[in-house]
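Heads up, the thing below is written out as structure tokens.
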Amino acid sequence: MGRPLKTRLPASQQVLAPRAVLPHEMQRDRLRRIINMKRNYDRGTRPLEPLQLGHLTATDHIFTGVITFSVKGTTITSTVGWMASAATLVQPSGELWKKIRVELNENVNTRDQDLAAIKEWLRKQPHLPDEWDEDRMMTFLRGSSFSLEKCKRKLDMYFTMRTACPEFFTNRDIRRPELVDLMTRLHGPPLPGLTPNGRRVTIARGLDKNLDTNQLIDVFKVAMMIGDVRLKEEVEGVGGDIYILDASIVSPSHLGKLSPSLIKKFLICVQEAFPVKLKEVHVVNASPIVDKLVSIIKPFLKEKIKKRIFIHTDLNTLYEYVPKDVLPAEYGGTCGTLKEINDAWVKKLEDYTEWFKQQESIKANESLRPGKPTNYDELFGIEGSFRQLAID
């Protein structure tokens, strides 16, 4: 039997503590290096057999990976860990990863062929970018359950909306004074951990009852910025999305100022242009006015999503869907505070500033679209008006 790995590596092989914020590529490379160190350290044995990376967990932003491997027939389990930003998106692994592959209809033996087919299709579209990075195309394939035709439609709509909605996809610098002000009055980050079934949770909470609905464009802009970062960083694919909307500051005056055209544009982006598998929407701290808010939004939602809206007057009913260990302290959870997570995302968006600027030109060119260009009036046409609704 081979001797077990020592609990402490020699000083020359110890892993230096990473800095507080690391892009996802660096996190991935760091974990690979740690795994390789452990793989090669025990010089007295033959090369280790293939290892498995187990479930990743996050506690106080210390992320832990469980590694299981075999030495001369003996199974060894070891744990590695690293400090990470509260904006680091833990990715599924182990049995959870396998379960999500089934849900996404992802065949690891054929997915590269599917990716090649999408890349070839993209190159042949005169109105769309010739090239795009493979990670984001794979995210679109996963969000389309590996239906090539659905993936093509979503990609076309994604690039189309980037042209049609410059208010969402340009001037995306989180350091702009109006966005700095907004981020002190509103939190809306995705949470670092995953639910037991592999879903990503995002919480949106207003902090200021005087939040101006005229800032809604910037609210949606920041949401799209986070969405674009997730396209890059959800490298393994998650089992869907859960949104928690905190309605504690919603007032009748807010509802009376909502822009129907703006809300419809945003919901078209979310439902048609991004590869989001929306599993649940939970409205917490609900008051009677929330029913009016939901009635405003519902006409623009797909039928299946309308059935996935849950309204809670007590957080205990929320825990039936989202466990406490995924939630921040403000909602009875244990994964840090929402402010810490939001602040970390602000820093991450700052780090992406130059990338956002480069991405502004990556969009559809309607003058080159085969057939007729997209008619934005038809795309965003709204029948009726929210202002006809009685708002108390």
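The way I read the labels, and the way they are meant: chains A, B, ... in the order of the structure tokens, residue 1 as the first residue of every chain, and ligand 1 as the first ligand shown, with later ones counted on from there.
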
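Within the 7 Å cut-off around Val276 (chain A), using only C-alpha atoms and omitting residues fewer than 3 positions from it on the same chain, the listed residues are Gly143, Gly240, Asp241, Val270 and Gln271 of chain A.
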
key: DSSP alpha helix (DSSP H) residues within region 268-333 of chain A, listed as number ranges by chain   = A: 268, 289-297, 303-306, 315-318

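Of note, CA of Gly206 (chain A) and CA of Ile263 (chain A) are spaced 17.2 Å apart.
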
query = Pick from A:Ile305, A:Leu191, A:Ile242, A:Cys165: nearest to Thr337 (chain A), with only C-alpha atoms counted?
reply = A:Leu191

request  = May I have the residues within 6 Å of region 280-294 of chain A as a VMD selection string, using only C-alpha atoms and disregarding those fewer than 3 positions away in the same chain?
outcome  = chain A and resid 242 to 248 297 to 298 308 to 313

ask   = How many Å lie between CA of Arg185 (chain A) and CA of Leu207 (chain A), rounded to one decimal?
value = 5.0 Å
